[in-house]
$ cat run-v5.txt   # compact mmCIF, C-alpha atoms and all ligand atoms
# COMPACT_ATOMS: atom_id res chain seq x y z
CA MET Y 1 126.97 120.67 112.00
CA ALA Y 2 125.57 121.91 108.68
CA GLU Y 3 122.19 123.58 108.80
CA PRO Y 4 119.40 120.96 108.61
CA VAL Y 5 117.43 120.97 105.35
CA VAL Y 6 114.20 120.18 107.25
CA GLU Y 7 113.57 121.34 110.79
CA ALA Y 8 110.54 121.34 113.08
CA ARG Y 9 110.67 123.43 116.24
CA GLN Y 10 108.02 122.75 118.87
CA VAL Y 11 105.40 122.07 116.22
CA THR Y 12 101.81 121.54 117.36
CA ARG Y 13 98.74 120.93 115.22
CA VAL Y 14 95.30 121.02 116.74
CA TYR Y 15 92.35 119.95 114.57
CA GLY Y 16 88.97 121.49 115.31
CA SER Y 17 88.18 123.93 118.12
CA GLY Y 18 86.35 124.16 121.41
CA ASP Y 19 85.11 120.82 122.76
CA ALA Y 20 86.03 119.12 119.49
CA ALA Y 21 89.69 120.25 119.57
CA ALA Y 22 92.13 117.37 119.16
CA ALA Y 23 95.90 117.74 119.22
CA ALA Y 24 97.48 115.61 116.48
CA LEU Y 25 100.98 117.02 117.13
CA ARG Y 26 102.07 117.98 120.63
CA GLY Y 27 105.40 119.76 120.34
CA VAL Y 28 107.53 118.00 117.73
CA ASP Y 29 111.21 118.83 117.40
CA LEU Y 30 112.98 117.23 114.45
CA GLN Y 31 116.06 117.97 112.38
CA VAL Y 32 116.87 116.27 109.10
CA ALA Y 33 120.30 116.86 107.58
CA GLU Y 34 120.86 117.11 103.83
CA GLY Y 35 121.38 113.63 102.38
CA GLU Y 36 119.55 111.72 105.10
CA MET Y 37 116.83 109.18 104.37
CA VAL Y 38 114.62 109.23 107.44
CA ALA Y 39 111.80 106.79 108.18
CA ILE Y 40 108.95 108.02 110.36
CA MET Y 41 107.17 105.13 112.05
CA GLY Y 42 104.39 104.78 114.60
CA ALA Y 43 100.89 103.45 115.17
CA SER Y 44 97.95 104.53 113.03
CA GLY Y 45 96.67 107.91 114.19
CA CYS Y 46 99.86 108.97 115.99
CA GLY Y 47 100.29 111.99 113.71
CA LYS Y 48 102.66 110.88 110.93
CA THR Y 49 100.69 112.30 108.00
CA THR Y 50 99.97 115.47 109.95
CA LEU Y 51 103.69 115.92 110.62
CA LEU Y 52 104.62 115.29 106.98
CA ASN Y 53 102.04 117.83 105.81
CA CYS Y 54 103.42 120.44 108.22
CA LEU Y 55 107.06 119.72 107.29
CA SER Y 56 106.31 120.08 103.59
CA GLY Y 57 104.24 123.24 103.90
CA LEU Y 58 100.98 121.62 102.76
CA ASP Y 59 99.49 122.37 106.16
CA ARG Y 60 100.24 125.05 108.72
CA PRO Y 61 101.12 124.14 112.30
CA THR Y 62 98.93 125.61 115.04
CA SER Y 63 102.13 126.75 116.74
CA GLY Y 64 105.85 126.28 116.31
CA GLN Y 65 108.09 126.68 113.29
CA VAL Y 66 109.04 124.66 110.24
CA ILE Y 67 112.18 125.47 108.29
CA LEU Y 68 112.47 123.92 104.83
CA ALA Y 69 115.60 124.51 102.75
CA GLY Y 70 116.49 127.72 104.54
CA ARG Y 71 113.02 129.32 104.64
CA ASP Y 72 110.68 129.52 107.62
CA LEU Y 73 107.46 128.15 106.10
CA THR Y 74 105.34 129.50 108.93
CA ALA Y 75 106.42 133.03 107.96
CA LEU Y 76 105.75 132.61 104.21
CA ARG Y 77 102.47 133.65 102.61
CA GLU Y 78 101.00 132.49 99.30
CA PRO Y 79 102.16 132.49 96.55
CA ALA Y 80 105.71 132.54 97.94
CA LEU Y 81 105.05 129.35 99.91
CA THR Y 82 103.83 127.40 96.87
CA ARG Y 83 106.74 128.68 94.78
CA HIS Y 84 109.29 127.64 97.40
CA ARG Y 85 107.66 124.20 97.71
CA ALA Y 86 107.67 123.68 93.94
CA ARG Y 87 111.33 124.61 93.82
CA VAL Y 88 112.65 122.34 96.58
CA ALA Y 89 110.20 119.57 97.44
CA GLY Y 90 108.32 116.60 95.99
CA PHE Y 91 105.50 114.66 97.65
CA VAL Y 92 104.06 111.19 97.49
CA PHE Y 93 100.69 111.29 99.24
CA GLN Y 94 99.15 108.42 101.17
CA SER Y 95 96.04 108.81 99.01
CA TYR Y 96 98.01 109.64 95.79
CA ASN Y 97 96.10 112.89 95.08
CA LEU Y 98 96.39 112.43 91.34
CA ILE Y 99 94.35 114.93 89.41
CA PRO Y 100 91.45 112.85 88.05
CA VAL Y 101 90.96 114.75 84.78
CA LEU Y 102 94.65 114.59 83.82
CA THR Y 103 96.41 111.59 82.27
CA SER Y 104 99.38 109.89 83.96
CA GLU Y 105 101.79 111.90 81.85
CA GLU Y 106 100.01 115.19 82.53
CA ASN Y 107 100.03 114.48 86.26
CA VAL Y 108 103.81 113.99 86.16
CA LEU Y 109 104.24 117.05 83.93
CA LEU Y 110 102.42 119.37 86.29
CA PRO Y 111 105.18 120.08 88.85
CA LEU Y 112 107.76 120.34 86.04
CA LEU Y 113 105.75 123.00 84.21
CA THR Y 114 104.89 124.73 87.50
CA ARG Y 115 108.55 125.32 88.18
CA GLY Y 116 109.07 126.59 84.64
CA ASP Y 117 110.66 123.69 82.71
CA GLU Y 118 110.47 123.97 78.93
CA GLN Y 119 107.59 121.86 77.44
CA GLY Y 120 109.60 119.41 75.35
CA ALA Y 121 112.21 118.69 78.00
CA ALA Y 122 109.50 118.34 80.64
CA ARG Y 123 107.58 115.83 78.50
CA GLN Y 124 110.69 113.75 77.96
CA ARG Y 125 111.50 113.80 81.64
CA ALA Y 126 107.92 112.83 82.55
CA ARG Y 127 107.94 109.89 80.11
CA GLY Y 128 111.31 108.75 81.46
CA ALA Y 129 110.04 108.85 85.03
CA LEU Y 130 106.92 106.84 84.11
CA ALA Y 131 108.99 104.28 82.19
CA GLY Y 132 111.33 103.98 85.17
CA LEU Y 133 108.35 102.88 87.23
CA GLY Y 134 107.11 100.31 84.72
CA LEU Y 135 104.37 102.55 83.31
CA ALA Y 136 105.52 102.91 79.69
CA GLY Y 137 102.41 102.65 77.49
CA LYS Y 138 100.12 103.98 80.22
CA GLU Y 139 100.99 107.66 79.73
CA ARG Y 140 97.54 108.50 78.36
CA ARG Y 141 95.45 106.72 80.98
CA LEU Y 142 93.41 108.67 83.47
CA PRO Y 143 93.87 107.75 87.15
CA ASN Y 144 90.54 105.87 87.26
CA GLU Y 145 91.78 103.70 84.38
CA LEU Y 146 94.74 102.54 86.47
CA SER Y 147 95.00 100.03 89.32
CA GLY Y 148 95.73 101.29 92.83
CA GLY Y 149 99.37 100.23 92.58
CA GLU Y 150 99.72 101.93 89.19
CA GLN Y 151 98.25 105.14 90.55
CA GLN Y 152 100.73 104.97 93.40
CA ARG Y 153 103.58 104.63 90.92
CA VAL Y 154 102.34 107.65 88.93
CA ALA Y 155 102.34 109.58 92.20
CA ILE Y 156 105.94 108.49 92.81
CA ALA Y 157 106.98 109.45 89.27
CA ARG Y 158 105.41 112.86 89.81
CA ALA Y 159 107.39 113.39 93.02
CA LEU Y 160 110.73 112.14 91.67
CA ALA Y 161 110.69 113.56 88.12
CA PRO Y 162 111.77 117.08 89.11
CA GLU Y 163 114.63 115.60 91.22
CA PRO Y 164 113.73 117.82 94.16
CA ARG Y 165 116.13 118.49 97.00
CA VAL Y 166 113.69 116.95 99.49
CA VAL Y 167 111.16 114.16 98.85
CA PHE Y 168 108.33 113.62 101.34
CA ALA Y 169 106.61 110.26 100.94
CA ASP Y 170 103.62 108.97 102.92
CA GLU Y 171 103.48 105.15 102.77
CA PRO Y 172 104.97 105.02 99.25
CA THR Y 173 104.87 101.21 99.16
CA GLY Y 174 101.56 100.83 101.01
CA ASN Y 175 99.53 99.51 98.08
CA LEU Y 176 102.17 97.60 96.12
CA ASP Y 177 102.91 93.90 95.95
CA ALA Y 178 106.29 92.76 97.26
CA GLU Y 179 108.07 92.95 93.91
CA ARG Y 180 106.77 96.43 93.01
CA ALA Y 181 107.44 97.61 96.54
CA LYS Y 182 111.06 96.58 96.15
CA ASP Y 183 111.36 98.41 92.79
CA VAL Y 184 109.93 101.59 94.29
CA LEU Y 185 112.15 101.30 97.33
CA ASP Y 186 115.21 100.84 95.08
CA LEU Y 187 114.26 104.02 93.22
CA LEU Y 188 113.89 106.00 96.43
CA VAL Y 189 117.17 104.64 97.77
CA SER Y 190 119.01 105.54 94.56
CA ALA Y 191 117.53 109.07 94.64
CA ASN Y 192 119.08 109.32 98.08
CA ARG Y 193 122.39 107.50 97.66
CA GLU Y 194 123.22 108.48 94.07
CA ARG Y 195 121.69 111.93 93.71
CA GLY Y 196 121.99 112.99 97.34
CA GLN Y 197 118.31 113.86 97.65
CA THR Y 198 116.96 114.03 101.19
CA LEU Y 199 114.02 111.72 101.86
CA VAL Y 200 111.47 111.75 104.67
CA VAL Y 201 109.38 108.59 104.41
CA VAL Y 202 106.39 107.61 106.54
CA THR Y 203 106.15 103.83 106.58
CA HIS Y 204 104.83 100.83 108.45
CA ASP Y 205 107.10 98.55 106.44
CA PRO Y 206 110.24 97.33 108.24
CA ARG Y 207 111.86 96.58 104.84
CA VAL Y 208 111.60 100.27 103.99
CA ALA Y 209 112.80 101.37 107.42
CA GLU Y 210 115.83 99.12 107.31
CA ARG Y 211 117.13 100.85 104.19
CA CYS Y 212 116.72 104.31 105.66
CA THR Y 213 119.66 106.00 107.33
CA ARG Y 214 117.61 106.76 110.47
CA VAL Y 215 114.28 105.82 112.03
CA VAL Y 216 112.20 108.37 113.94
CA ARG Y 217 109.41 106.94 116.10
CA MET Y 218 106.21 108.75 116.96
CA GLU Y 219 103.67 108.13 119.70
CA SER Y 220 100.48 110.19 120.25
CA GLY Y 221 101.67 113.32 118.51
CA ARG Y 222 105.23 113.26 119.79
CA VAL Y 223 108.60 112.07 118.56
CA VAL Y 224 109.88 109.56 121.11
N1 LIG Y 301 91.35 116.83 109.11
C1 LIG Y 301 91.29 116.31 110.34
N2 LIG Y 301 90.37 116.72 111.25
C2 LIG Y 301 90.32 116.22 112.50
N3 LIG Y 301 91.15 115.27 112.95
C3 LIG Y 301 92.08 114.80 112.10
C4 LIG Y 301 92.20 115.28 110.75
N4 LIG Y 301 93.23 114.63 110.15
C5 LIG Y 301 93.71 113.79 111.08
N5 LIG Y 301 93.04 113.88 112.25
C6 LIG Y 301 93.33 113.14 113.50
O1 LIG Y 301 94.65 113.44 113.89
C7 LIG Y 301 95.32 112.29 114.36
C8 LIG Y 301 96.58 112.03 113.53
O2 LIG Y 301 96.19 111.70 112.21
P1 LIG Y 301 97.27 111.34 111.08
O3 LIG Y 301 96.54 111.25 109.80
O4 LIG Y 301 98.39 112.29 111.17
O5 LIG Y 301 97.74 109.89 111.58
P2 LIG Y 301 98.79 108.86 110.94
O6 LIG Y 301 99.84 108.62 111.95
O7 LIG Y 301 99.22 109.34 109.60
O8 LIG Y 301 97.89 107.54 110.80
P3 LIG Y 301 97.90 106.39 109.64
O9 LIG Y 301 99.06 105.50 109.93
O10 LIG Y 301 96.59 105.69 109.87
O11 LIG Y 301 97.96 107.06 108.30
C9 LIG Y 301 94.29 111.16 114.31
O12 LIG Y 301 93.72 111.04 115.59
C10 LIG Y 301 93.26 111.65 113.30
O13 LIG Y 301 91.99 111.14 113.61
MG MG Y 302 98.84 108.68 107.67
$ encode --input "run-v5.txt" --output "structure tokens"
Amino acid sequence: MAEPVVEARQVTRVYGSGDAAAAALRGVDLQVAEGEMVAIMGASGCGKTTLLNCLSGLDRPTSGQVILAGRDLTALREPALTRHRARVAGFVFQSYNLIPVLTSEENVLLPLLTRGDEQGAARQRARGALAGLGLAGKERRLPNELSGGEQQRVAIARALAPEPRVVFADEPTGNLDAERAKDVLDLLVSANRERGQTLVVVTHDPRVAERCTRVVRMESGRVV
């Protein structure tokens, strides 16, 4: 079998310390092969967001290892970690994490410029990504001038515009109406099926899960 593009080995994550310590992940093993579209499902609080943050290098496990695109993230220090992430991964956060003082277009531009794309080409790519999500004409709006669903679509444009090897998405359709949710899902599916990008998607939505190539279920900090 080819080397997995994302791999967790006995990953734990404990929040807090002493009496307040709470284990959100309790020894997760997971392998995702290149080209898979994996859904992670499970009850609220079971550790899905925590796992996604650890897999993508946004958070460090308390113990265990995470390998992303050939590099052991737990052995990388800054700024090498951030550079590696910018080169291989895109993220759609559950809470969007748009930068409030930047317009839609600037938010989408940011990862493109971070990885060193030329200005003009990056701007064109950013506008294309926004248009693809029905946001043409809203390039100059700040996040607080957009609806929740529009902010979510900017966050998706930001993750997909660089066409990263791996896309991590936390509830990407959580705040969208049925029609928009289907558009976003179609975009994610085509990133996977047509461009071969690997997707790891946290979702409660069975319509999302059914279009994934595999479903991983979590319960109380473990993959079951
Ligand atoms: N920063 C934090 N400090 C302390 N505990 C936290 C922190 N973040 C999450 N937790 C706890 O860790 C557990 C897992 O949280 P996580 O956000 O990963 O759940 P989830 O599966 O994504 O839930 P949801 O479906 O509601 O988004 C929960 O019990 C949560 O209360
Ligand atoms: Mg969550």
$ closest_residue --input "run-v5.txt" --among "Y:Asn192, Y:Gln94, Y:Arg115, Y:Ala159" --to "Y:Thr173" --atoms "only C-alpha atoms"
Y:Gln94
$ residues_around --input "run-v5.txt" --residues "Y:Val224" --least-positions-apart "4" --cutoff "12 Å" --atoms "only C-alpha atoms" --output "short mmCIF file (atom, residue, chain, number, x, y, z; two decimals) with C-alpha atoms, in the coordinates of the input"
data_model
loop_
_atom_site.label_atom_id
_atom_site.label_comp_id
_atom_site.auth_asym_id
_atom_site.auth_seq_id
_atom_site.Cartn_x
_atom_site.Cartn_y
_atom_site.Cartn_z
CA ARG Y 26 102.07 117.98 120.63
CA GLY Y 27 105.40 119.76 120.34
CA VAL Y 28 107.53 118.00 117.73
CA ASP Y 29 111.21 118.83 117.40
CA LEU Y 30 112.98 117.23 114.45
CA ILE Y 40 108.95 108.02 110.36
CA MET Y 41 107.17 105.13 112.05
CA GLY Y 42 104.39 104.78 114.60
CA CYS Y 46 99.86 108.97 115.99
CA VAL Y 215 114.28 105.82 112.03
CA VAL Y 216 112.20 108.37 113.94
CA ARG Y 217 109.41 106.94 116.10
CA MET Y 218 106.21 108.75 116.96
CA GLU Y 219 103.67 108.13 119.70
CA SER Y 220 100.48 110.19 120.25
#
$ residues_near_ligand --input "run-v5.txt" --ligand "ligand LIG 301 (chain Y)" --cutoff "6 Å" --atoms "only C-alpha atoms and all ligand atoms" --output "CSV table (one decimal) with C-alpha atoms, in the coordinates of the input"
chain,number,residue,atom,x,y,z
Y,15,TYR,CA,92.4,120.0,114.6
Y,24,ALA,CA,97.5,115.6,116.5
Y,43,ALA,CA,100.9,103.4,115.2
Y,44,SER,CA,98.0,104.5,113.0
Y,45,GLY,CA,96.7,107.9,114.2
Y,46,CYS,CA,99.9,109.0,116.0
Y,47,GLY,CA,100.3,112.0,113.7
Y,48,LYS,CA,102.7,110.9,110.9
Y,49,THR,CA,100.7,112.3,108.0
Y,50,THR,CA,100.0,115.5,110.0
$ atom_distance --input "run-v5.txt" --atom1 "atom CA of Y:Pro79" --atom2 "atom CA of Y:Leu58"
12.6 Å
$ closest_residue --input "run-v5.txt" --among "Y:Asn97, Y:Asn53, Y:Gln197, Y:Gln152" --to "ligand MG 302 (chain Y)" --atoms "all atoms listed in the file"
Y:Asn53
$ atom_distance --input "run-v5.txt" --atom1 "atom CA of Y:Gly18" --atom2 "atom CA of Y:Val223"
25.5 Å
$ closest_residue --input "run-v5.txt" --among "Y:Ser104, Y:Gln31, Y:Thr12, Y:Asn175" --to "Y:Leu68" --atoms "only C-alpha atoms"
Y:Gln31
$ closest_residue --input "run-v5.txt" --among "Y:Pro111, Y:Gly128, Y:Gly90, Y:Gly64" --to "Y:Arg13" --atoms "all atoms listed in the file"
Y:Gly64
$ closest_residue --input "run-v5.txt" --among "Y:Glu163, Y:Asp19, Y:Asp170, Y:Asp117" --to "ligand MG 302 (chain Y)" --atoms "only C-alpha atoms and all ligand atoms"
Y:Asp170
